[in-house]
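Colleague: What follows is input_22.cif, made up of mmCIF, C-alpha atoms and all ligand atoms:
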data_start
loop_
_atom_site.label_atom_id
_atom_site.label_comp_id
_atom_site.auth_asym_id
_atom_site.auth_seq_id
_atom_site.Cartn_x
_atom_site.Cartn_y
_atom_site.Cartn_z
CA MET A 21 65.42 -35.06 34.69
CA ALA A 22 64.53 -37.96 36.92
CA SER A 23 61.88 -39.55 34.78
CA PRO A 24 61.83 -40.33 31.08
CA ASP A 25 58.89 -38.01 30.81
CA ASN A 26 61.28 -35.16 31.06
CA VAL A 27 62.39 -35.89 27.58
CA LYS A 28 58.87 -35.68 26.41
CA ARG A 29 57.20 -33.46 24.01
CA HIS A 30 55.98 -29.94 23.49
CA PRO A 31 57.39 -26.44 23.99
CA PRO A 32 57.13 -22.55 22.49
CA SER A 33 56.13 -18.71 22.01
CA ILE A 34 53.84 -15.65 21.79
CA VAL A 35 54.17 -11.98 21.27
CA PRO A 36 51.60 -10.60 18.96
CA TYR A 37 48.69 -10.01 21.24
CA PHE A 38 50.89 -8.55 23.75
CA ALA A 39 50.33 -4.91 22.97
CA GLY A 40 46.61 -5.36 23.30
CA PHE A 41 46.95 -7.12 26.60
CA LEU A 42 49.21 -4.48 27.91
CA LEU A 43 46.92 -1.72 26.92
CA LEU A 44 44.05 -3.49 28.58
CA SER A 45 46.02 -4.23 31.69
CA SER A 46 47.23 -0.65 31.88
CA ILE A 47 43.69 0.56 31.79
CA ILE A 48 42.57 -1.87 34.45
CA LEU A 49 45.57 -1.30 36.63
CA PHE A 50 45.61 2.40 36.20
CA SER A 51 42.08 2.68 37.38
CA SER A 52 42.62 0.41 40.35
CA LEU A 53 45.98 1.57 41.58
CA SER A 54 46.41 3.19 44.91
CA LYS A 55 49.94 2.59 46.04
CA PRO A 56 51.11 4.40 49.16
CA PRO A 57 54.00 6.77 48.47
CA SER A 58 56.19 4.57 50.64
CA SER A 59 56.41 1.83 48.04
CA SER A 60 59.89 0.70 47.10
CA PRO A 61 61.58 2.07 43.99
CA ALA A 62 61.15 -1.25 42.23
CA GLU A 63 57.49 -1.30 43.02
CA GLU A 64 57.13 2.18 41.73
CA HIS A 65 58.79 1.18 38.51
CA LEU A 66 56.59 -1.79 38.01
CA LEU A 67 53.60 0.20 38.90
CA ALA A 68 54.60 2.88 36.51
CA GLY A 69 54.94 0.35 33.76
CA HIS A 70 51.31 -0.40 33.93
CA ARG A 71 50.44 3.21 33.63
CA ALA A 72 52.48 3.58 30.53
CA SER A 73 50.80 3.45 27.22
CA PHE A 74 52.40 0.91 25.00
CA SER A 75 52.53 3.15 21.99
CA SER A 76 56.14 4.18 22.42
CA SER A 77 57.39 0.61 22.60
CA SER A 78 55.25 -1.14 20.08
CA CYS A 79 58.18 -3.24 18.96
CA ASN A 80 57.25 -6.86 18.49
CA TYR A 81 60.31 -8.54 19.94
CA SER A 82 59.11 -11.92 18.73
CA ALA A 83 59.16 -11.05 15.05
CA GLY A 84 62.69 -11.14 13.78
CA ALA A 85 65.53 -13.28 12.51
CA TRP A 86 68.64 -15.02 13.81
CA ILE A 87 71.77 -13.25 12.64
CA ARG A 88 75.06 -15.11 12.56
CA SER A 89 77.98 -13.04 13.75
CA PRO A 90 81.11 -13.05 11.55
CA GLU A 91 83.67 -15.81 12.16
CA SER A 92 86.20 -13.14 13.06
CA ASP A 93 84.15 -12.07 16.08
CA PRO A 94 84.86 -13.87 19.33
CA VAL A 95 81.96 -15.93 20.65
CA THR A 96 80.83 -14.56 23.96
CA ALA A 97 78.85 -16.63 26.44
CA ARG A 98 77.35 -14.66 29.29
CA TYR A 99 78.23 -17.44 31.73
CA SER A 100 79.87 -20.83 31.48
CA TYR A 101 78.97 -24.29 32.60
CA GLY A 102 81.87 -24.21 35.02
CA SER A 103 80.80 -20.94 36.61
CA CYS A 104 77.23 -21.92 37.44
CA ARG A 105 76.38 -25.11 39.24
CA GLU A 106 72.67 -24.73 38.57
CA ILE A 107 73.19 -26.04 35.04
CA PHE A 108 72.24 -29.71 34.75
CA LYS A 109 74.78 -32.02 33.28
CA GLY A 110 72.28 -32.79 30.54
CA TRP A 111 72.06 -29.12 29.56
CA ASN A 112 75.80 -28.71 29.36
CA CYS A 113 76.72 -28.75 25.70
CA VAL A 114 80.45 -28.05 25.87
CA SER A 115 81.12 -31.35 24.17
CA LYS A 116 78.56 -30.80 21.43
CA PRO A 117 80.20 -30.28 18.00
CA ASN A 118 78.45 -26.93 17.55
CA ALA A 119 78.66 -25.81 21.20
CA ARG A 120 80.41 -22.49 20.43
CA ASP A 121 78.69 -22.05 17.12
CA LEU A 122 75.21 -22.05 18.54
CA LEU A 123 76.14 -18.93 20.51
CA ARG A 124 77.06 -17.11 17.30
CA TYR A 125 73.43 -16.42 16.55
CA ARG A 126 71.82 -13.28 17.81
CA TRP A 127 68.07 -12.63 17.74
CA GLN A 128 67.34 -9.46 15.80
CA PRO A 129 63.74 -8.18 15.96
CA HIS A 130 62.59 -6.62 12.68
CA ASP A 131 61.46 -3.32 14.19
CA CYS A 132 63.91 -2.51 16.95
CA ARG A 133 67.11 -3.56 18.62
CA LEU A 134 67.02 -6.10 21.41
CA PRO A 135 69.32 -4.63 24.06
CA SER A 136 71.99 -6.93 25.44
CA PHE A 137 71.40 -8.08 28.97
CA ASP A 138 73.35 -6.05 31.50
CA PRO A 139 73.12 -8.01 34.78
CA LEU A 140 74.38 -5.19 36.97
CA ARG A 141 71.91 -2.74 35.55
CA PHE A 142 69.19 -5.35 36.00
CA LEU A 143 69.98 -5.93 39.68
CA ARG A 144 70.07 -2.21 40.38
CA ARG A 145 66.89 -1.52 38.52
CA PHE A 146 64.96 -4.35 40.12
CA ARG A 147 66.24 -3.87 43.63
CA ASN A 148 63.81 -5.28 46.23
CA THR A 149 61.99 -7.43 43.70
CA ASN A 150 60.90 -11.05 43.83
CA ILE A 151 60.76 -12.86 40.50
CA GLY A 152 59.12 -16.27 40.19
CA PHE A 153 59.19 -18.84 37.40
CA VAL A 154 56.26 -21.25 37.69
CA GLY A 155 56.11 -24.24 35.37
CA ASP A 156 57.80 -27.30 33.95
CA SER A 157 61.45 -28.05 33.24
CA LEU A 158 61.45 -25.65 30.31
CA ASN A 159 60.69 -22.79 32.68
CA ARG A 160 63.43 -24.13 34.89
CA ASN A 161 65.79 -23.95 31.92
CA MET A 162 64.89 -20.25 31.56
CA PHE A 163 65.22 -19.69 35.32
CA VAL A 164 68.72 -21.20 35.32
CA SER A 165 69.73 -18.91 32.46
CA LEU A 166 68.66 -15.85 34.47
CA VAL A 167 70.27 -17.04 37.71
CA CYS A 168 73.56 -17.88 36.00
CA THR A 169 73.60 -14.49 34.27
CA LEU A 170 73.01 -12.58 37.50
CA ARG A 171 75.51 -14.68 39.44
CA GLN A 172 78.32 -13.34 37.29
CA VAL A 173 78.08 -9.93 38.94
CA ALA A 174 76.72 -10.72 42.41
CA LYS A 175 79.00 -11.06 45.38
CA GLU A 176 76.68 -12.56 47.94
CA VAL A 177 74.07 -15.08 46.87
CA LYS A 178 71.78 -16.85 49.30
CA LYS A 179 70.21 -20.12 48.23
CA TRP A 180 66.83 -20.93 49.73
CA ARG A 181 63.28 -22.04 48.92
CA PRO A 182 60.98 -19.02 49.07
CA ALA A 183 57.20 -19.56 49.14
CA GLY A 184 57.32 -23.29 48.52
CA ALA A 185 59.73 -22.98 45.59
CA ASP A 186 61.79 -25.90 44.36
CA ARG A 187 64.81 -23.58 44.51
CA GLY A 188 65.57 -19.90 44.70
CA PHE A 189 68.38 -17.39 45.06
CA THR A 190 68.58 -14.00 46.66
CA PHE A 191 71.19 -11.61 45.30
CA VAL A 192 71.75 -10.11 48.70
CA GLU A 193 73.30 -6.70 47.93
CA TYR A 194 70.28 -5.87 45.78
CA ASN A 195 67.60 -7.87 47.55
CA VAL A 196 66.56 -9.44 44.26
CA THR A 197 65.11 -12.94 44.61
CA VAL A 198 64.66 -15.33 41.69
CA ALA A 199 62.81 -18.58 42.36
CA TYR A 200 61.60 -21.63 40.47
CA HIS A 201 58.31 -23.31 41.37
CA ARG A 202 58.06 -26.73 39.82
CA THR A 203 54.68 -27.73 38.41
CA ASN A 204 53.87 -29.72 35.30
CA LEU A 205 50.17 -29.01 34.83
CA LEU A 206 49.74 -25.98 37.16
CA ALA A 207 46.75 -27.88 38.52
CA ARG A 208 47.15 -30.48 41.26
CA TYR A 209 47.27 -34.08 40.06
CA GLY A 210 48.01 -37.53 41.39
CA SER A 211 47.46 -41.16 40.53
CA TRP A 212 43.94 -42.51 40.76
CA SER A 213 42.67 -46.07 40.90
CA ALA A 214 39.20 -47.50 40.91
CA SER A 215 37.63 -47.96 44.28
CA ALA A 216 36.15 -51.34 45.18
CA SER A 217 32.96 -49.63 46.27
CA GLY A 218 32.49 -48.18 42.79
CA GLY A 219 31.68 -44.70 41.55
CA ASP A 220 30.92 -42.79 38.36
CA LEU A 221 34.29 -43.37 36.74
CA GLU A 222 34.34 -46.99 37.86
CA SER A 223 30.97 -47.61 36.28
CA LEU A 224 32.35 -46.24 33.00
CA GLY A 225 35.08 -48.88 33.18
CA TYR A 226 38.02 -46.76 34.38
CA LYS A 227 40.55 -48.78 36.37
CA GLN A 228 43.40 -46.34 36.83
CA GLY A 229 44.75 -43.04 35.67
CA TYR A 230 45.61 -39.59 36.96
CA ARG A 231 43.18 -37.38 38.76
CA VAL A 232 43.64 -33.74 37.71
CA ASP A 233 41.86 -31.15 39.84
CA VAL A 234 41.56 -28.30 37.35
CA ASP A 235 40.49 -25.79 39.97
CA VAL A 236 43.21 -26.52 42.55
CA PRO A 237 46.72 -25.09 42.06
CA GLU A 238 49.56 -27.49 42.80
CA HIS A 239 50.96 -26.77 46.27
CA THR A 240 54.43 -25.97 44.87
CA TRP A 241 53.25 -22.58 43.66
CA MET A 242 50.11 -21.92 45.64
CA GLU A 243 51.86 -19.18 47.65
CA ALA A 244 53.85 -17.80 44.72
CA PRO A 245 51.36 -15.11 43.61
CA MET A 246 51.42 -13.57 47.08
CA PHE A 247 55.21 -13.56 47.22
CA HIS A 248 56.42 -12.42 43.81
CA ASP A 249 56.36 -9.03 42.10
CA ILE A 250 57.04 -10.50 38.67
CA ILE A 251 55.91 -13.98 37.73
CA ILE A 252 56.42 -16.05 34.58
CA PHE A 253 54.16 -19.07 34.00
CA ASN A 254 54.21 -21.90 31.54
CA THR A 255 52.50 -25.22 31.00
CA GLY A 256 51.99 -27.36 27.93
CA HIS A 257 54.38 -30.26 27.47
CA TRP A 258 52.76 -32.51 29.99
CA TRP A 259 49.28 -32.11 28.56
CA TRP A 260 50.57 -33.87 25.44
CA ALA A 261 52.61 -36.52 27.20
CA PRO A 262 51.14 -39.90 26.36
CA SER A 263 54.12 -41.65 27.89
CA LYS A 264 52.76 -40.64 31.26
CA PHE A 265 49.12 -39.82 30.60
CA ASP A 266 48.36 -42.66 28.21
CA PRO A 267 44.77 -42.20 26.99
CA ILE A 268 44.05 -45.89 27.56
CA LYS A 269 46.37 -47.17 30.28
CA SER A 270 46.68 -44.10 32.48
CA PRO A 271 44.30 -41.38 31.25
CA MET A 272 43.92 -37.94 32.73
CA LEU A 273 40.68 -37.91 34.70
CA ILE A 274 39.46 -34.36 34.97
CA PHE A 275 37.93 -33.31 38.30
CA GLU A 276 36.30 -30.00 39.17
CA LYS A 277 34.92 -29.02 42.60
CA GLY A 278 36.17 -32.38 43.85
CA MET A 279 33.99 -34.40 41.46
CA PRO A 280 34.82 -36.11 38.17
CA VAL A 281 33.63 -34.13 35.16
CA LEU A 282 31.02 -36.23 33.36
CA PRO A 283 30.94 -37.30 30.70
CA PRO A 284 34.76 -37.40 30.86
CA VAL A 285 36.52 -34.69 28.84
CA THR A 286 39.79 -34.82 26.89
CA SER A 287 43.08 -33.54 28.27
CA GLU A 288 42.86 -30.60 25.86
CA GLN A 289 39.59 -29.62 27.47
CA GLY A 290 41.23 -30.19 30.84
CA LEU A 291 43.95 -27.73 29.84
CA ASP A 292 41.36 -25.10 28.92
CA MET A 293 39.59 -25.55 32.25
CA THR A 294 42.87 -25.42 34.15
CA LEU A 295 44.00 -22.24 32.42
CA LYS A 296 40.70 -20.55 33.18
CA HIS A 297 40.85 -21.44 36.88
CA MET A 298 44.56 -20.74 37.35
CA ILE A 299 44.46 -17.35 35.60
CA SER A 300 41.63 -16.34 37.86
CA TYR A 301 43.44 -17.72 40.94
CA VAL A 302 46.47 -15.57 40.15
CA GLU A 303 44.53 -12.45 39.25
CA LYS A 304 42.63 -12.56 42.52
CA ARG A 305 45.77 -12.90 44.62
CA MET A 306 48.59 -10.90 43.09
CA ARG A 307 49.14 -7.30 44.06
CA THR A 308 47.66 -4.95 41.51
CA ASN A 309 51.08 -3.63 40.57
CA ALA A 310 52.58 -7.07 40.02
CA VAL A 311 53.61 -8.13 36.54
CA LYS A 312 52.27 -11.44 35.21
CA PHE A 313 53.67 -13.16 32.15
CA PHE A 314 52.56 -16.33 30.48
CA ARG A 315 55.31 -17.78 28.36
CA THR A 316 54.30 -19.51 25.14
CA GLN A 317 55.19 -23.08 24.31
CA SER A 318 58.82 -24.02 23.77
CA PRO A 319 59.13 -26.07 20.56
CA ARG A 320 60.68 -29.52 20.41
CA HIS A 321 62.65 -30.61 17.35
CA PHE A 322 62.30 -34.35 17.04
CA GLU A 323 62.84 -35.56 13.50
CA ARG A 324 62.42 -39.07 12.14
CA GLY A 325 60.43 -40.15 15.17
CA ASP A 326 59.37 -38.93 18.59
CA TRP A 327 61.66 -38.93 21.63
CA ASN A 328 60.99 -42.61 22.36
CA GLN A 329 61.13 -43.70 18.71
CA GLY A 330 64.74 -42.75 18.07
CA GLY A 331 63.89 -39.18 17.05
CA SER A 332 66.87 -36.86 16.79
CA CYS A 333 67.97 -33.26 16.28
CA ARG A 334 71.59 -33.42 15.16
CA ARG A 335 71.48 -30.14 13.36
CA GLU A 336 74.31 -27.67 13.56
CA GLN A 337 72.55 -24.66 12.10
CA PRO A 338 69.21 -22.97 12.63
CA LEU A 339 66.39 -24.09 10.35
CA SER A 340 65.19 -22.09 7.37
CA THR A 341 61.69 -20.62 7.32
CA GLU A 342 60.58 -23.45 4.98
CA GLN A 343 61.98 -26.10 7.30
CA VAL A 344 60.22 -24.49 10.24
CA GLU A 345 56.87 -24.65 8.48
CA GLU A 346 57.51 -28.23 7.46
CA LEU A 347 58.17 -29.19 11.08
CA PHE A 348 55.59 -27.10 12.92
CA SER A 349 52.63 -26.21 10.75
CA LEU A 350 49.35 -27.45 12.12
CA ASP A 351 48.36 -28.79 8.68
CA LYS A 352 51.32 -31.12 8.60
CA ASN A 353 50.43 -32.58 12.04
CA GLY A 354 54.05 -33.61 12.57
CA THR A 355 55.79 -34.95 15.67
CA ASN A 356 56.23 -31.50 17.20
CA VAL A 357 52.84 -30.09 16.30
CA GLU A 358 51.93 -29.47 19.93
CA ALA A 359 54.08 -26.32 20.00
CA ARG A 360 51.54 -24.28 18.07
CA LEU A 361 48.57 -26.23 19.39
CA VAL A 362 49.36 -25.35 22.98
CA ASN A 363 49.62 -21.71 22.01
CA LYS A 364 46.12 -21.71 20.56
CA HIS A 365 44.83 -22.80 23.96
CA LEU A 366 46.96 -20.21 25.75
CA PHE A 367 45.95 -17.29 23.54
CA LYS A 368 42.32 -18.12 23.94
CA ALA A 369 42.53 -18.44 27.72
CA LEU A 370 44.58 -15.26 28.15
CA GLU A 371 42.32 -13.06 26.06
CA GLY A 372 41.01 -10.30 28.27
CA SER A 373 43.21 -11.26 31.22
CA SER A 374 45.79 -8.99 32.82
CA PHE A 375 48.60 -11.36 31.80
CA GLN A 376 51.17 -10.39 29.26
CA ILE A 377 52.34 -12.92 26.75
CA LEU A 378 56.01 -13.73 26.49
CA ASP A 379 56.07 -15.10 22.98
CA ILE A 380 59.16 -17.20 22.38
CA THR A 381 57.70 -19.96 20.20
CA HIS A 382 58.40 -18.80 16.70
CA MET A 383 61.92 -17.53 17.37
CA SER A 384 62.73 -20.84 19.04
CA GLU A 385 61.29 -22.93 16.22
CA PHE A 386 64.35 -22.05 14.15
CA ARG A 387 66.80 -23.33 16.74
CA ALA A 388 66.96 -27.07 16.12
CA ASP A 389 70.71 -26.64 16.63
CA ALA A 390 70.36 -25.45 20.23
CA HIS A 391 69.16 -28.60 22.02
CA PRO A 392 71.51 -30.90 23.93
CA SER A 393 70.72 -33.74 21.48
CA THR A 394 73.12 -36.58 22.34
CA THR A 395 75.38 -34.66 24.74
CA GLY A 396 73.54 -35.76 27.87
CA GLY A 397 74.62 -39.33 27.24
CA LYS A 398 71.07 -40.59 27.72
CA LYS A 399 69.34 -43.37 25.90
CA HIS A 400 67.10 -40.84 24.19
CA GLU A 401 68.21 -37.66 22.50
CA ASP A 402 67.10 -34.49 24.21
CA CYS A 403 65.50 -32.34 21.53
CA MET A 404 63.27 -30.58 24.02
CA HIS A 405 65.41 -28.76 26.58
CA TRP A 406 68.01 -26.19 25.57
CA CYS A 407 71.76 -26.01 25.96
CA LEU A 408 72.97 -23.51 28.55
CA PRO A 409 74.33 -21.01 27.81
CA GLY A 410 72.02 -20.81 24.83
CA LEU A 411 68.56 -20.08 23.60
CA THR A 412 66.81 -19.30 26.87
CA ASP A 413 69.28 -16.45 27.35
CA SER A 414 67.45 -14.78 24.46
CA TRP A 415 64.09 -15.46 26.10
CA ASN A 416 65.38 -13.57 29.12
CA ASP A 417 66.61 -10.76 26.89
CA ILE A 418 63.05 -10.31 25.68
CA LEU A 419 61.65 -10.56 29.20
CA VAL A 420 64.03 -7.84 30.37
CA ALA A 421 63.33 -5.66 27.35
CA LEU A 422 59.61 -5.86 28.09
CA LEU A 423 60.11 -5.05 31.76
CA GLU A 424 62.42 -2.19 30.94
CA SER A 425 60.12 -0.72 28.37
CA MET A 426 57.42 -0.48 31.02
CA TRP A 427 59.71 1.57 33.16
CA THR A 428 61.14 3.72 30.42
CA ASN A 429 57.73 4.64 29.16
CA GLN A 430 56.87 6.05 32.46
CA LEU A 431 59.96 8.24 32.66
CA SER A 432 59.54 9.58 29.15
C1 LIG A 501 54.66 -10.67 16.68
O1 LIG A 501 55.42 -11.57 15.94
C2 LIG A 501 55.02 -12.92 16.02
C3 LIG A 501 56.05 -13.78 15.33
O2 LIG A 501 56.18 -13.42 13.98
C4 LIG A 501 53.63 -13.05 15.42
O3 LIG A 501 53.19 -14.39 15.54
C5 LIG A 501 52.70 -12.12 16.16
O4 LIG A 501 51.42 -12.15 15.55
C6 LIG A 501 53.21 -10.70 16.21
N1 LIG A 501 52.42 -9.87 17.14
C7 LIG A 501 51.77 -8.78 16.79
C8 LIG A 501 51.02 -8.04 17.88
O5 LIG A 501 51.77 -8.38 15.65
C1 LIG A 502 63.39 -7.19 49.97
O1 LIG A 502 62.42 -7.17 48.93
C2 LIG A 502 61.18 -7.69 49.31
C3 LIG A 502 60.31 -7.71 48.05
O2 LIG A 502 60.07 -6.43 47.59
C4 LIG A 502 60.57 -6.87 50.43
O3 LIG A 502 59.34 -7.45 50.83
C5 LIG A 502 61.53 -6.84 51.61
O4 LIG A 502 61.04 -5.99 52.59
C6 LIG A 502 62.89 -6.36 51.14
N1 LIG A 502 63.86 -6.46 52.24
C7 LIG A 502 64.60 -5.44 52.63
C8 LIG A 502 65.56 -5.73 53.73
O5 LIG A 502 64.55 -4.35 52.09
C1 LIG A 503 47.86 -36.16 14.06
O1 LIG A 503 48.71 -37.29 14.12
C2 LIG A 503 48.46 -38.16 15.20
C3 LIG A 503 49.46 -39.30 15.16
O2 LIG A 503 50.70 -38.87 14.78
C4 LIG A 503 47.05 -38.68 15.17
O3 LIG A 503 46.79 -39.49 16.29
C5 LIG A 503 46.07 -37.52 15.12
O4 LIG A 503 44.75 -38.00 14.95
C6 LIG A 503 46.40 -36.57 13.99
N1 LIG A 503 45.53 -35.40 14.10
C7 LIG A 503 44.98 -34.82 13.05
C8 LIG A 503 44.13 -33.61 13.32
O5 LIG A 503 45.11 -35.25 11.92
#
Reformat the file's structure so that it appears as structure tokens.
Ligand SMILES: *[C@@H]1O[C@H](CO)[C@@H](O)[C@H](O)[C@H]1NC(C)=O
Ligand SMILES: *[C@@H]1O[C@H](CO)[C@@H](O)[C@H](O)[C@H]1NC(C)=O
Ligand SMILES: *[C@@H]1O[C@H](CO)[C@@H](O)[C@H](O)[C@H]1NC(C)=O
Modeller:
Amino acid sequence: MASPDNVKRHPPSIVPYFAGFLLLSSIILFSSLSKPPSSSPAEEHLLAGHRASFSSSSCNYSAGAWIRSPESDPVTARYSYGSCREIFKGWNCVSKPNARDLLRYRWQPHDCRLPSFDPLRFLRRFRNTNIGFVGDSLNRNMFVSLVCTLRQVAKEVKKWRPAGADRGFTFVEYNVTVAYHRTNLLARYGSWSASASGGDLESLGYKQGYRVDVDVPEHTWMEAPMFHDIIIFNTGHWWWAPSKFDPIKSPMLIFEKGMPVLPPVTSEQGLDMTLKHMISYVEKRMRTNAVKFFRTQSPRHFERGDWNQGGSCRREQPLSTEQVEELFSLDKNGTNVEARLVNKHLFKALEGSSFQILDITHMSEFRADAHPSTTGGKKHEDCMHWCLPGLTDSWNDILVALLESMWTNQLS
């Protein structure tokens, strides 16, 4: 939250292709697996998941609706701001008018029930497992939701920075580690300015900008694929962040193999190149029985202007389907259009990979009511991150349901 860019643009979701990916990855993994019998129970479970056919859990967790629980029901938060110091002040919505109300909504997939998250069961089931979130502040928001949920039942928690992570926690009794690796673009980047001795970019008139090495992972997560058993990636917001990467004043300058790509390409093309290289980097390095997720873009809900134009999201109820289309459809090209745009790039890049898609975009598009909005007391409203407790708890519910279905399939 240090820079204004944090309040930027773009977030969202994906679940449809997921069955196909899984099937493909099960085939690939099944044929390449050769785990010694001494592998840990958790490893065996993960491993088993890949062997499972996806037919018995074909539920599309991302297709569903938000159901409001009756007023007579108590509102239950799985953790509170006071009980988990990982929650940023700006994500604490206790003073928001609809703070309790936003927790009244439960995500109900059309074709199955989404089990409620049982942290104790989770810790037991994933004993001896390392779980890494790699991405921008929206992945951090999801990471904090998971950590705060698990904290409620863990006695001994060790805070440390595994494998270059920004932060991480080990739930000691279960040897479950959850870490967050901060990276905005996945690829390494840094500021660039023209050299007095000239060069290709200089001769095209470039004076300054950001050099993005699309084939070099940022050091914050370079070691993560070797460390984690389950990993959840995201990127997107920063590729559409003109406040930092202004196309004129501070453009992204795409480099590959240490050289500028010529003629220069757009940041969207840079994203495609980055995804290609990073997916391959991860696939080459992770253990064959590891589980790799790519989370889809988290939607922003700026209305009547972007974040730096007085845009706001003072809604107290989820949007209707019509309102969602109005705000997000690609045809309308509205302020928050990048949510679905990013996903198009992701789906294309992930096709044929061994990654699974964690599709949270569409379900989140409804939740204009679940952002901090003015509660952070900042100059700009935050219509990008999510209140905690709140929406990203449901993202984790889906993550856990997917992980569990891999295991269950194997036992059945
Ligand atoms: C799952 O549901 C989402 C949201 O409605 C949809 O976009 C996606 O295509 C569905 N996936 C499959 C495999 O049908
Ligand atoms: C804890 O889990 C990690 C990841 O599976 C494993 O490498 C490590 O050996 C485990 N530690 C103990 C004490 O079991
Ligand atoms: C979408 O809108 C932005 C400005 O809001 C504009 O720069 C861009 O060209 C538009 N794109 C399309 C495809 O119309």
Colleague: Taking 5 positions as the minimum chain separation for residues in the same chain, which residues sit within 6 Å of Ala214 of chain A when counting only C-alpha atoms? Answer as an mmCIF file with C-alpha atoms, in the frame of the given file.
Modeller:
data_model
loop_
_atom_site.group_PDB
_atom_site.id
_atom_site.type_symbol
_atom_site.label_atom_id
_atom_site.label_comp_id
_atom_site.auth_asym_id
_atom_site.auth_seq_id
_atom_site.Cartn_x
_atom_site.Cartn_y
_atom_site.Cartn_z
ATOM 1 C CA GLU A 222 34.340 -46.990 37.860
ATOM 2 C CA LYS A 227 40.550 -48.780 36.370
ATOM 3 C CA GLN A 228 43.400 -46.340 36.830
#
Colleague: One number please: atom CA of Ser78 of chain A to atom CA of Val362 of chain A, in Å, one decimal.
Modeller: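 Interatomic distance, atom CA of Ser78 of chain A to atom CA of Val362 of chain A: 25.1 Å.
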Colleague: Go through chain A residue by residue and, counting all atoms listed in the file, keep those with an atom at most 9 Å from ligand LIG 502 (chain A); for each kept residue give the shortest atom pair and its distance in Å to one decimal, ordered by chain and increasing number, as a Markdown table.
Modeller:
| residue | atom | partner | partner_atom | distance |
| --- | --- | --- | --- | --- |
| A:Ser60 | CA | A:LIG502 | O2 | 7.1 |
| A:Ala62 | CA | A:LIG502 | O2 | 7.5 |
| A:Glu63 | CA | A:LIG502 | O2 | 7.3 |
| A:Arg147 | CA | A:LIG502 | O1 | 7.3 |
| A:Asn148 | CA | A:LIG502 | O1 | 3.6 |
| A:Thr149 | CA | A:LIG502 | O2 | 4.5 |
| A:Asn150 | CA | A:LIG502 | C3 | 5.4 |
| A:Val192 | CA | A:LIG502 | C1 | 8.9 |
| A:Tyr194 | CA | A:LIG502 | C1 | 8.2 |
| A:Asn195 | CA | A:LIG502 | C1 | 4.9 |
| A:Val196 | CA | A:LIG502 | O1 | 6.6 |
| A:Thr197 | CA | A:LIG502 | O1 | 7.7 |
| A:Phe247 | CA | A:LIG502 | C3 | 7.8 |
| A:His248 | CA | A:LIG502 | C3 | 7.4 |
| A:Asp249 | CA | A:LIG502 | O2 | 7.1 |
Colleague: Of the residues A:Val173, A:Val281, A:Met383, A:Ile377, which is the one nearest to Asn254 of chain A, using only C-alpha atoms?
Modeller: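 Comparing A:Val173, A:Val281, A:Met383, A:Ile377 against Asn254 of chain A, the winner is A:Ile377.
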Colleague: In Å, how far is it from atom CA of Arg324 of chain A to atom O4 of ligand LIG 503 (chain A)?
Modeller: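 Taking atom CA of Arg324 of chain A and atom O4 of ligand LIG 503 (chain A), their separation equals 17.9 Å.
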Colleague: Here is a test: counting only C-alpha atoms, which residue of A:Val311, A:Cys79, A:Val302, A:Leu158 is nearest to Trp427 of chain A?
Modeller: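 Using only C-alpha atoms, Trp427 of chain A sits closest to A:Val311.
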Colleague: Of the candidates A:Val114, A:Ala185, A:Cys104, A:Arg141, which one gets nearest to Gln172 of chain A if we count all atoms listed in the file?
Modeller: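 Nearest candidate to Gln172 of chain A out of A:Val114, A:Ala185, A:Cys104, A:Arg141: A:Cys104.
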Colleague: Residues within 7 Å of ligand LIG 503 (chain A), counting all atoms listed in the file: report them as a list in words.
Modeller: Asn353, Gly354 and Thr355 of chain A
Colleague: Just how far from atom CA of Pro338 of chain A is atom C8 of ligand LIG 501 (chain A), in Å to one decimal?
Modeller: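 Atom CA of Pro338 of chain A lies 24.1 Å from atom C8 of ligand LIG 501 (chain A).
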Colleague: Nearest residue to ligand LIG 501 (chain A) out of A:Ser332, A:Asn80, A:Asn309, A:Ser223, using only C-alpha atoms and all ligand atoms?
Modeller: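 Closest to ligand LIG 501 (chain A), using only C-alpha atoms and all ligand atoms: A:Asn80.
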Colleague: Excluding segment 294-296 of chain A and any residue of its chain fewer than 3 positions from it, enumerate the residues within 8 Å of it, using all atoms listed in the file, and give them as a ChimeraX atom specification.
Modeller: /A:206-207,234-235,290-291,299-300,366,369
Colleague: Would you compute, for all listed atoms of segment 194-213 of chain A, the axis-aligned bounding box grown by 8 Å on each side, and then report its centre and edge lengths in Å rounded to one decimal, as lines of an AutoDock Vina configuration file?
Modeller:
center_x = 56.5
center_y = -26.0
center_z = 41.2
size_x = 43.6
size_y = 56.2
size_z = 28.7
Colleague: Excluding Lys312 of chain A and any residue of its chain fewer than 2 positions from it, enumerate the residues within 9 Å of it, using all atoms listed in the file, and give them as an MDAnalysis selection string.
Modeller: chainID A and resid 249:253 302:303 306 310 314 374:377
Colleague: Excluding Leu339 of chain A and any residue of its chain fewer than 5 positions from it, enumerate the residues within 10 Å of it, using all atoms listed in the file, and give them as an mmCIF file with C-alpha atoms, keeping the file's coordinate frame.
Modeller:
data_model
loop_
_atom_site.group_PDB
_atom_site.id
_atom_site.type_symbol
_atom_site.label_atom_id
_atom_site.label_comp_id
_atom_site.auth_asym_id
_atom_site.auth_seq_id
_atom_site.Cartn_x
_atom_site.Cartn_y
_atom_site.Cartn_z
ATOM 1 C CA TRP A 86 68.640 -15.020 13.810
ATOM 2 C CA VAL A 344 60.220 -24.490 10.240
ATOM 3 C CA GLU A 345 56.870 -24.650 8.480
ATOM 4 C CA LEU A 347 58.170 -29.190 11.080
ATOM 5 C CA SER A 384 62.730 -20.840 19.040
ATOM 6 C CA GLU A 385 61.290 -22.930 16.220
ATOM 7 C CA PHE A 386 64.350 -22.050 14.150
ATOM 8 C CA ARG A 387 66.800 -23.330 16.740
ATOM 9 C CA ALA A 388 66.960 -27.070 16.120
ATOM 10 C CA ASP A 389 70.710 -26.640 16.630
#
